[in-house]
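Peer 1: This one is target.txt, compact mmCIF, C-alpha atoms.
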```txt
# COMPACT_ATOMS: atom_id res chain seq x y z
CA MET A 1 120.91 101.05 65.51
CA SER A 2 120.94 104.74 64.61
CA SER A 3 117.64 106.23 63.50
CA GLY A 4 119.35 108.99 61.51
CA ASP A 5 116.70 111.01 59.69
CA HIS A 6 114.37 108.04 59.36
CA ASP A 7 112.45 108.85 62.55
CA MET A 8 111.16 112.21 61.34
CA ASP A 9 108.13 110.86 59.49
CA ALA A 10 105.83 107.87 59.98
CA ASN A 11 105.88 107.39 56.18
CA VAL A 12 109.63 106.73 56.04
CA TYR A 13 111.24 103.31 56.41
CA SER A 14 114.77 102.95 57.69
CA PRO A 15 117.26 100.87 55.66
CA ASP A 16 116.51 97.99 58.05
CA GLY A 17 112.80 98.12 57.30
CA MET A 18 111.83 99.89 60.55
CA VAL A 19 109.24 102.64 60.98
CA PHE A 20 110.71 104.44 63.97
CA GLN A 21 107.66 106.59 64.69
CA VAL A 22 105.65 103.40 65.28
CA ASP A 23 108.43 101.99 67.48
CA TYR A 24 108.41 105.19 69.54
CA ALA A 25 104.64 104.91 69.97
CA ILE A 26 105.03 101.36 71.25
CA LYS A 27 107.72 102.59 73.67
CA ALA A 28 105.20 105.15 74.95
CA VAL A 29 102.97 102.24 75.92
CA ASP A 30 105.87 100.50 77.63
CA ALA A 31 106.64 103.66 79.64
CA GLU A 32 103.31 103.65 81.50
CA GLY A 33 101.80 101.40 84.16
CA THR A 34 101.27 97.69 83.58
CA ALA A 35 97.92 96.51 82.22
CA LEU A 36 96.73 92.89 82.11
CA GLY A 37 93.90 90.90 80.61
CA VAL A 38 93.00 87.23 81.03
CA CYS A 39 90.34 85.09 79.37
CA CYS A 40 88.77 82.60 81.79
CA LYS A 41 86.21 79.81 81.55
CA ASP A 42 83.37 82.14 82.56
CA GLY A 43 84.48 85.50 81.18
CA VAL A 44 87.30 88.01 80.89
CA VAL A 45 89.09 90.01 83.61
CA LEU A 46 91.10 93.22 83.12
CA GLY A 47 93.44 94.93 85.54
CA VAL A 48 95.66 97.98 85.31
CA GLU A 49 98.28 99.72 87.44
CA LYS A 50 97.32 103.40 87.37
CA LEU A 51 100.31 105.52 88.33
CA ILE A 52 99.54 108.59 90.45
CA ILE A 53 101.78 111.57 89.77
CA SER A 54 101.12 113.46 93.02
CA LYS A 55 99.67 112.98 96.49
CA MET A 56 97.33 115.88 95.71
CA VAL A 57 95.71 114.06 92.78
CA ASP A 58 92.39 112.33 93.46
CA PRO A 59 93.30 108.62 93.06
CA LYS A 60 89.89 107.95 91.50
CA SER A 61 90.46 110.42 88.65
CA ASN A 62 91.95 109.68 85.24
CA THR A 63 90.60 106.14 85.05
CA ARG A 64 92.12 103.69 82.60
CA VAL A 65 89.06 101.43 82.51
CA TYR A 66 86.26 102.14 80.03
CA ALA A 67 83.08 100.43 78.91
CA ILE A 68 82.67 100.17 75.13
CA ASP A 69 79.27 98.50 74.91
CA ARG A 70 77.09 96.52 77.28
CA GLN A 71 79.14 93.35 76.74
CA ALA A 72 82.54 94.89 76.07
CA GLY A 73 85.14 97.17 77.63
CA CYS A 74 88.84 97.88 77.74
CA VAL A 75 91.83 99.16 79.67
CA ILE A 76 94.22 101.75 78.27
CA GLY A 77 97.97 101.29 78.19
CA GLY A 78 100.26 104.19 77.29
CA MET A 79 99.28 107.84 76.82
CA LEU A 80 95.87 108.34 78.41
CA PRO A 81 94.61 111.16 76.12
CA ASP A 82 95.43 109.08 73.04
CA GLY A 83 93.73 106.10 74.63
CA ARG A 84 90.57 108.06 75.40
CA HIS A 85 90.34 109.10 71.75
CA LEU A 86 90.63 105.46 70.67
CA VAL A 87 87.92 104.48 73.15
CA SER A 88 85.62 107.12 71.68
CA ARG A 89 86.29 105.83 68.19
CA LEU A 90 85.69 102.23 69.26
CA ARG A 91 82.40 103.17 70.92
CA ASP A 92 81.23 104.78 67.68
CA GLU A 93 82.15 101.66 65.72
CA VAL A 94 80.29 99.21 67.97
CA GLN A 95 77.21 101.46 68.17
CA ASN A 96 77.13 101.72 64.38
CA PHE A 97 77.33 97.93 64.16
CA ARG A 98 74.52 97.48 66.68
CA GLY A 99 72.34 100.01 64.86
CA LEU A 100 72.93 98.36 61.50
CA TYR A 101 72.60 94.69 62.46
CA GLY A 102 70.60 94.85 65.70
CA ILE A 103 73.07 92.67 67.61
CA PRO A 104 76.12 93.36 69.80
CA CYS A 105 79.36 93.81 67.86
CA PRO A 106 81.60 90.74 68.30
CA GLY A 107 84.98 91.45 69.84
CA GLU A 108 86.80 90.25 66.74
CA ILE A 109 85.03 92.75 64.49
CA ALA A 110 85.35 95.60 66.98
CA SER A 111 89.09 95.08 67.37
CA LYS A 112 89.57 94.84 63.59
CA LYS A 113 87.74 98.11 63.04
CA LEU A 114 89.84 99.88 65.65
CA CYS A 115 93.12 98.54 64.26
CA LYS A 116 92.14 99.63 60.76
CA TYR A 117 91.74 103.13 62.17
CA THR A 118 95.04 103.14 64.10
CA HIS A 119 96.91 101.72 61.10
CA PHE A 120 95.71 104.69 59.03
CA PHE A 121 97.75 106.94 61.31
CA THR A 122 100.93 105.02 60.44
CA ILE A 123 100.58 105.43 56.66
CA SER A 124 99.14 108.93 56.27
CA GLY A 125 101.86 111.11 57.77
CA TYR A 126 100.14 111.57 61.13
CA ARG A 127 101.64 110.80 64.53
CA PRO A 128 100.83 107.20 65.56
CA PHE A 129 98.79 106.86 68.73
CA GLY A 130 100.95 106.31 71.81
CA ALA A 131 98.37 104.01 73.36
CA ALA A 132 97.23 100.40 73.21
CA LEU A 133 93.88 98.93 74.24
CA ILE A 134 93.28 95.56 75.86
CA ILE A 135 89.72 94.74 74.84
CA ALA A 136 87.41 92.33 76.69
CA SER A 137 84.22 91.07 75.04
CA TYR A 138 81.60 88.45 75.87
CA ALA A 139 78.98 88.31 73.13
CA ASP A 140 77.62 85.40 71.10
CA ASP A 141 81.20 84.46 70.17
CA GLY A 142 82.03 83.71 73.83
CA PRO A 143 84.66 85.33 76.06
CA GLN A 144 87.23 87.11 73.91
CA LEU A 145 90.42 89.04 74.69
CA TYR A 146 92.21 91.25 72.17
CA LEU A 147 95.14 93.66 72.06
CA ALA A 148 95.16 96.59 69.63
CA ASP A 149 98.62 98.16 69.51
CA PRO A 150 99.86 101.47 68.01
CA SER A 151 101.03 99.83 64.77
CA GLY A 152 97.48 98.77 63.89
CA GLN A 153 98.26 95.15 64.67
CA ARG A 154 95.58 93.09 66.39
CA TYR A 155 96.17 90.02 68.54
CA SER A 156 93.86 87.54 70.22
CA PHE A 157 95.12 86.31 73.59
CA HIS A 158 94.37 83.92 76.44
CA ALA A 159 96.36 86.30 78.66
CA VAL A 160 98.24 89.49 77.82
CA ALA A 161 100.37 92.14 79.54
CA ILE A 162 101.56 95.56 78.38
CA GLY A 163 103.36 98.46 80.05
CA LYS A 164 106.42 98.84 82.28
CA GLY A 165 106.23 95.45 83.96
CA LYS A 166 105.10 93.39 80.97
CA THR A 167 108.15 91.08 80.90
CA LEU A 168 107.78 89.79 84.45
CA ALA A 169 104.00 89.87 84.16
CA LYS A 170 104.04 87.63 81.09
CA THR A 171 106.32 85.18 82.87
CA GLU A 172 103.85 84.92 85.76
CA LEU A 173 100.78 84.71 83.53
CA GLU A 174 102.28 81.87 81.51
CA LYS A 175 102.34 79.70 84.64
CA ILE A 176 98.53 79.68 84.87
CA ASP A 177 95.94 77.96 82.68
CA PHE A 178 93.22 80.58 82.86
CA SER A 179 90.82 78.51 80.74
CA LYS A 180 90.38 76.24 83.77
CA ILE A 181 89.72 78.85 86.44
CA SER A 182 86.94 81.34 87.12
CA CYS A 183 87.12 85.11 86.89
CA ARG A 184 86.94 85.36 90.69
CA GLU A 185 90.05 83.17 90.98
CA ALA A 186 91.80 85.02 88.14
CA LEU A 187 91.22 88.36 89.87
CA ASP A 188 93.46 87.31 92.76
CA GLU A 189 96.16 86.23 90.30
CA ILE A 190 95.99 89.53 88.42
CA ALA A 191 96.30 91.52 91.65
CA LYS A 192 99.29 89.40 92.67
CA VAL A 193 101.06 90.01 89.36
CA LEU A 194 100.38 93.76 89.36
CA TYR A 195 101.79 94.13 92.87
CA ALA A 196 104.79 92.00 91.97
CA VAL A 197 105.77 94.04 88.91
CA HIS A 198 105.26 97.46 90.47
CA ASP A 199 108.54 99.34 90.93
CA ASP A 200 108.37 100.96 94.38
CA GLN A 201 111.59 102.88 93.78
CA LYS A 202 110.42 104.70 90.65
CA ASP A 203 106.62 104.76 91.02
CA LYS A 204 105.63 104.84 94.66
CA GLN A 205 102.06 106.10 94.18
CA PHE A 206 99.64 103.87 92.29
CA GLU A 207 96.09 102.56 92.25
CA LEU A 208 94.86 99.23 90.89
CA GLU A 209 91.72 99.21 88.75
CA PHE A 210 89.79 96.06 87.84
CA ALA A 211 86.91 95.29 85.51
CA TRP A 212 85.31 92.17 84.10
CA VAL A 213 82.59 90.74 81.91
CA THR A 214 81.43 87.36 83.23
CA ASP A 215 78.54 84.95 83.57
CA ASP A 216 77.99 86.36 87.06
CA THR A 217 77.45 89.86 85.60
CA GLU A 218 75.12 88.42 82.94
CA LYS A 219 77.74 89.17 80.28
CA CYS A 220 77.72 92.87 81.16
CA PHE A 221 81.06 94.69 81.33
CA THR A 222 81.42 96.38 84.69
CA ARG A 223 83.98 97.42 87.25
CA VAL A 224 84.71 94.83 89.89
CA PRO A 225 82.72 95.72 93.05
CA ASP A 226 84.80 97.54 95.67
CA ASP A 227 84.55 94.82 98.31
CA ILE A 228 85.69 92.10 95.92
CA ALA A 229 88.44 94.31 94.49
CA GLU A 230 89.77 95.21 97.94
CA ALA A 231 89.82 91.54 98.98
CA ALA A 232 91.75 90.68 95.81
CA LYS A 233 94.23 93.49 96.46
CA THR A 234 94.88 92.23 99.97
CA LYS A 235 95.46 88.66 98.79
CA GLY A 236 97.50 89.82 95.83
CA LYS A 237 99.79 92.02 97.90
CA GLN A 238 100.51 89.18 100.29
CA ALA A 239 101.12 86.66 97.51
CA ALA A 240 103.32 89.08 95.55
CA GLU A 241 105.89 89.06 98.32
CA GLY A 242 106.71 85.49 97.33
CA ILE A 243 107.53 86.40 93.74
CA GLU A 244 111.21 87.16 93.21
CA LYS A 245 111.74 90.19 91.05
CA ASN A 246 114.39 89.97 88.38
```
What would the structure in this file look like if it were written as structure tokens?
Peer 2:
Amino acid sequence: MSSGDHDMDANVYSPDGMVFQVDYAIKAVDAEGTALGVCCKDGVVLGVEKLIISKMVDPKSNTRVYAIDRQAGCVIGGMLPDGRHLVSRLRDEVQNFRGLYGIPCPGEIASKKLCKYTHFFTISGYRPFGAALIIASYADDGPQLYLADPSGQRYSFHAVAIGKGKTLAKTELEKIDFSKISCREALDEIAKVLYAVHDDQKDKQFELEFAWVTDDTEKCFTRVPDDIAEAAKTKGKQAAEGIEKN
């Protein structure tokens, strides 16, 4: 399909009903490292493959994991600067909700508010954001997992994958019923999938980042402790060797 002149403006539809600027933004998400989220019986776990562009870069810099509120956080897929802007916007939204109603903002409402904002950039002549957020929340509505993509679309998931390795990652995630396992068990599975989908030929340098909001953390979103994360990485790397890459 030729884009012709229909990809010059986010306000212009192609004859086939496509908005190419939005499609390009989604491709920007697919061009970056793989990010995963799973909703378990006792909380939500997030993991992301952070690609490192140089040996001279501090591997702890340019994190893709961010807290949004006490009980909520996210990982960024796609262009990191765009993602950081969306995180800032989302933080403002949930703090406004808390100040107005005196309770934590449910994940459903937070994700809707963010997607309303991102959708505005697809209808007002601006460049769509080249980033997507996987949002984890554990408030009064229970463990919740959402994806907010560049089009302004919002999805609720039991498990979700975005980024370069999303196709293989989704295949592996679909084999597991995460509603029956704990976040500790799910962490090992996430590490396994992230190691399995990593392309050693194209992206040799990378760092895995994990975060969760669980009953064990008293429903507080936090990074997975280093000792637990390192143990999961070791198990995941060993288990990933048994997964055949397509």
Peer 1: Gly43 of chain A: which residues within 6 Å, counting all atoms listed in the file, same-chain residues fewer than 5 positions away excluded, as a list in words?
Peer 2: Pro143, Val213 and Thr214 of chain A
Peer 1: Need to verify the contact set: Glu93 of chain A, 9 Å, all atoms listed in the file, exclusion of same-chain residues closer than 4 positions in sequence. Can you return it as a list in words?
Peer 2: Ser88, Arg89, Phe97, Arg98, Cys105, Ala110, Lys113 and Leu114 of chain A
Peer 1: Which residues of segment 32-103 of chain A come within 12 Å of segment 193-204 of chain A, and for each one, what is the closest pair of atoms and their distance in Å to one decimal, counting all atoms listed in the file, sorted by chain and residue number, as CSV?
Peer 2:
```
residue,atom,partner,partner_atom,distance
A:Glu32,CA,A:Asp203,CA,10.1
A:Gly33,CA,A:His198,CA,8.2
A:Thr34,CA,A:Leu194,CA,7.0
A:Ala35,CA,A:Leu194,CA,8.0
A:Leu36,CA,A:Leu194,CA,8.2
A:Gly37,CA,A:Leu194,CA,11.3
A:Val38,CA,A:Val193,CA,11.9
A:Leu46,CA,A:Leu194,CA,11.2
A:Gly47,CA,A:Leu194,CA,8.0
A:Val48,CA,A:Leu194,CA,7.5
A:Glu49,CA,A:Leu194,CA,6.6
A:Lys50,CA,A:Asp203,CA,10.1
A:Leu51,CA,A:Asp203,CA,6.9
A:Ile52,CA,A:Asp203,CA,8.1
A:Ile53,CA,A:Asp203,CA,8.4
A:Ser54,CA,A:Lys204,CA,9.9
A:Lys55,CA,A:Lys204,CA,10.3
```
Peer 1: Calculated over all atoms listed in the file, which of the candidates A:Tyr138, A:Phe210, A:Phe120, A:Phe129 has the smallest distance to Ile68 of chain A?
Peer 2: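 Ranking A:Tyr138, A:Phe210, A:Phe120, A:Phe129 by distance to Ile68 of chain A, first place goes to A:Tyr138.
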Peer 1: Looking at all atoms listed in the file, which of A:Ala136, A:Ala169, A:Ile181, A:Ile123 is the one that sits closest to Ser151 of chain A?
Peer 2: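 The answer is A:Ile123, which sits nearest to Ser151 of chain A.
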Peer 1: Report, in Å with one decimal, the straight-line distance from atom CA of Phe178 of chain A to atom CA of Leu145 of chain A.
Peer 2: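 Separating atom CA of Phe178 of chain A from atom CA of Leu145 of chain A is a distance of 12.1 Å.
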Peer 1: What's around Leu86 of chain A at 9 Å? Count all atoms listed in the file, leave out sequence neighbours fewer than 4 positions away in its own chain, and write the answer as a PDB file with C-alpha atoms, in the frame of the given file.
Peer 2:
```pdb
ATOM      1  CA  PRO A  81      94.610 111.160  76.120  1.00  0.00           C
ATOM      2  CA  ASP A  82      95.430 109.080  73.040  1.00  0.00           C
ATOM      3  CA  LEU A  90      85.690 102.230  69.260  1.00  0.00           C
ATOM      4  CA  ARG A  91      82.400 103.170  70.920  1.00  0.00           C
ATOM      5  CA  LEU A 114      89.840  99.880  65.650  1.00  0.00           C
ATOM      6  CA  TYR A 117      91.740 103.130  62.170  1.00  0.00           C
ATOM      7  CA  THR A 118      95.040 103.140  64.100  1.00  0.00           C
ATOM      8  CA  PHE A 129      98.790 106.860  68.730  1.00  0.00           C
ATOM      9  CA  ALA A 131      98.370 104.010  73.360  1.00  0.00           C
ATOM     10  CA  ALA A 132      97.230 100.400  73.210  1.00  0.00           C
ATOM     11  CA  LEU A 133      93.880  98.930  74.240  1.00  0.00           C
TER      12      LEU A 133
END
```
Peer 1: Quick check, in Å to one decimal: how far apart do atom CA of Lys170 of chain A and atom CA of Ala148 of chain A lie?
Peer 2: 17.0 Å
Peer 1: Atom CA of Leu100 of chain A and atom CA of Lys116 of chain A are how many Å apart?
Peer 2: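 Atom-to-atom, atom CA of Leu100 of chain A to atom CA of Lys116 of chain A, that is 19.3 Å.
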Peer 1: Using all atoms listed in the file, which residues sit within 10 Å of Asp149 of chain A once same-chain residues fewer than 4 positions away are excluded, as an mmCIF file with C-alpha atoms, in the frame of the given file?
Peer 2:
```
data_model
loop_
_atom_site.group_PDB
_atom_site.id
_atom_site.type_symbol
_atom_site.label_atom_id
_atom_site.label_comp_id
_atom_site.auth_asym_id
_atom_site.auth_seq_id
_atom_site.Cartn_x
_atom_site.Cartn_y
_atom_site.Cartn_z
ATOM 1 C CA VAL A 22 105.650 103.400 65.280
ATOM 2 C CA ALA A 25 104.640 104.910 69.970
ATOM 3 C CA ILE A 26 105.030 101.360 71.250
ATOM 4 C CA VAL A 29 102.970 102.240 75.920
ATOM 5 C CA GLY A 77 97.970 101.290 78.190
ATOM 6 C CA GLY A 78 100.260 104.190 77.290
ATOM 7 C CA LEU A 114 89.840 99.880 65.650
ATOM 8 C CA CYS A 115 93.120 98.540 64.260
ATOM 9 C CA THR A 118 95.040 103.140 64.100
ATOM 10 C CA HIS A 119 96.910 101.720 61.100
ATOM 11 C CA PHE A 129 98.790 106.860 68.730
ATOM 12 C CA GLY A 130 100.950 106.310 71.810
ATOM 13 C CA ALA A 131 98.370 104.010 73.360
ATOM 14 C CA ALA A 132 97.230 100.400 73.210
ATOM 15 C CA LEU A 133 93.880 98.930 74.240
ATOM 16 C CA ILE A 134 93.280 95.560 75.860
ATOM 17 C CA GLN A 153 98.260 95.150 64.670
ATOM 18 C CA ARG A 154 95.580 93.090 66.390
ATOM 19 C CA TYR A 155 96.170 90.020 68.540
ATOM 20 C CA ILE A 162 101.560 95.560 78.380
#
```
Peer 1: If we count only C-alpha atoms, what is near segment 227-234 of chain A at a cut-off of 6 Å, once residues fewer than 3 positions away on the same chain are taken out, given as a list in words?
Peer 2: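 Those residues are Asp188, Ala191, Val224 and Lys237 of chain A.
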Peer 1: Rank nothing, just name the residue among A:Pro104, A:Gly236, A:Gly99, A:Gly152 nearest to Ala139 of chain A, using only C-alpha atoms.
Peer 2: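 For Ala139 of chain A, the nearest of the candidates is A:Pro104.
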Peer 1: Copy segment 198-243 of chain A out of the block into a file, keeping C-alpha atoms, as a PDB file, in the first residue's frame.
Peer 2:
```
ATOM      1  CA  HIS A 198      16.040 -10.676  22.576  1.00  0.00           C
ATOM      2  CA  ASP A 199      17.903 -10.525  19.259  1.00  0.00           C
ATOM      3  CA  ASP A 200      21.591 -11.007  20.076  1.00  0.00           C
ATOM      4  CA  GLN A 201      22.623 -10.256  16.505  1.00  0.00           C
ATOM      5  CA  LYS A 202      21.038  -6.806  16.323  1.00  0.00           C
ATOM      6  CA  ASP A 203      20.912  -5.688  19.965  1.00  0.00           C
ATOM      7  CA  LYS A 204      23.768  -7.199  21.934  1.00  0.00           C
ATOM      8  CA  GLN A 205      23.691  -4.773  24.873  1.00  0.00           C
ATOM      9  CA  PHE A 206      20.580  -4.724  27.048  1.00  0.00           C
ATOM     10  CA  GLU A 207      19.358  -4.549  30.620  1.00  0.00           C
ATOM     11  CA  LEU A 208      16.172  -6.039  32.065  1.00  0.00           C
ATOM     12  CA  GLU A 209      14.075  -3.893  34.384  1.00  0.00           C
ATOM     13  CA  PHE A 210      11.264  -5.241  36.574  1.00  0.00           C
ATOM     14  CA  ALA A 211       8.607  -3.664  38.755  1.00  0.00           C
ATOM     15  CA  TRP A 212       5.460  -4.844  40.480  1.00  0.00           C
ATOM     16  CA  VAL A 213       2.540  -3.915  42.692  1.00  0.00           C
ATOM     17  CA  THR A 214       1.477  -6.867  44.848  1.00  0.00           C
ATOM     18  CA  ASP A 215      -0.007  -7.975  48.134  1.00  0.00           C
ATOM     19  CA  ASP A 216       3.559  -8.511  49.371  1.00  0.00           C
ATOM     20  CA  THR A 217       4.369  -4.825  48.736  1.00  0.00           C
ATOM     21  CA  GLU A 218       1.114  -3.786  50.444  1.00  0.00           C
ATOM     22  CA  LYS A 219      -0.262  -2.679  47.073  1.00  0.00           C
ATOM     23  CA  CYS A 220       2.600  -0.225  46.589  1.00  0.00           C
ATOM     24  CA  PHE A 221       4.205  -0.005  43.148  1.00  0.00           C
ATOM     25  CA  THR A 222       7.935  -0.559  43.427  1.00  0.00           C
ATOM     26  CA  ARG A 223      10.896  -1.929  41.560  1.00  0.00           C
ATOM     27  CA  VAL A 224      11.588  -5.590  42.165  1.00  0.00           C
ATOM     28  CA  PRO A 225      14.406  -5.882  44.756  1.00  0.00           C
ATOM     29  CA  ASP A 226      17.811  -6.514  43.199  1.00  0.00           C
ATOM     30  CA  ASP A 227      18.310  -9.952  44.749  1.00  0.00           C
ATOM     31  CA  ILE A 228      14.932 -11.210  43.551  1.00  0.00           C
ATOM     32  CA  ALA A 229      15.416  -9.649  40.112  1.00  0.00           C
ATOM     33  CA  GLU A 230      18.864 -11.191  39.679  1.00  0.00           C
ATOM     34  CA  ALA A 231      17.559 -14.627  40.680  1.00  0.00           C
ATOM     35  CA  ALA A 232      14.737 -14.286  38.136  1.00  0.00           C
ATOM     36  CA  LYS A 233      17.201 -13.248  35.433  1.00  0.00           C
ATOM     37  CA  THR A 234      19.358 -16.290  36.101  1.00  0.00           C
ATOM     38  CA  LYS A 235      16.389 -18.666  35.946  1.00  0.00           C
ATOM     39  CA  GLY A 236      14.938 -16.890  32.945  1.00  0.00           C
ATOM     40  CA  LYS A 237      18.155 -17.002  30.948  1.00  0.00           C
ATOM     41  CA  GLN A 238      18.499 -20.723  31.545  1.00  0.00           C
ATOM     42  CA  ALA A 239      14.864 -21.447  30.687  1.00  0.00           C
ATOM     43  CA  ALA A 240      14.972 -19.255  27.568  1.00  0.00           C
ATOM     44  CA  GLU A 241      17.490 -21.578  25.971  1.00  0.00           C
ATOM     45  CA  GLY A 242      14.703 -24.138  25.647  1.00  0.00           C
ATOM     46  CA  ILE A 243      12.460 -21.815  23.656  1.00  0.00           C
TER      47      ILE A 243
END
```
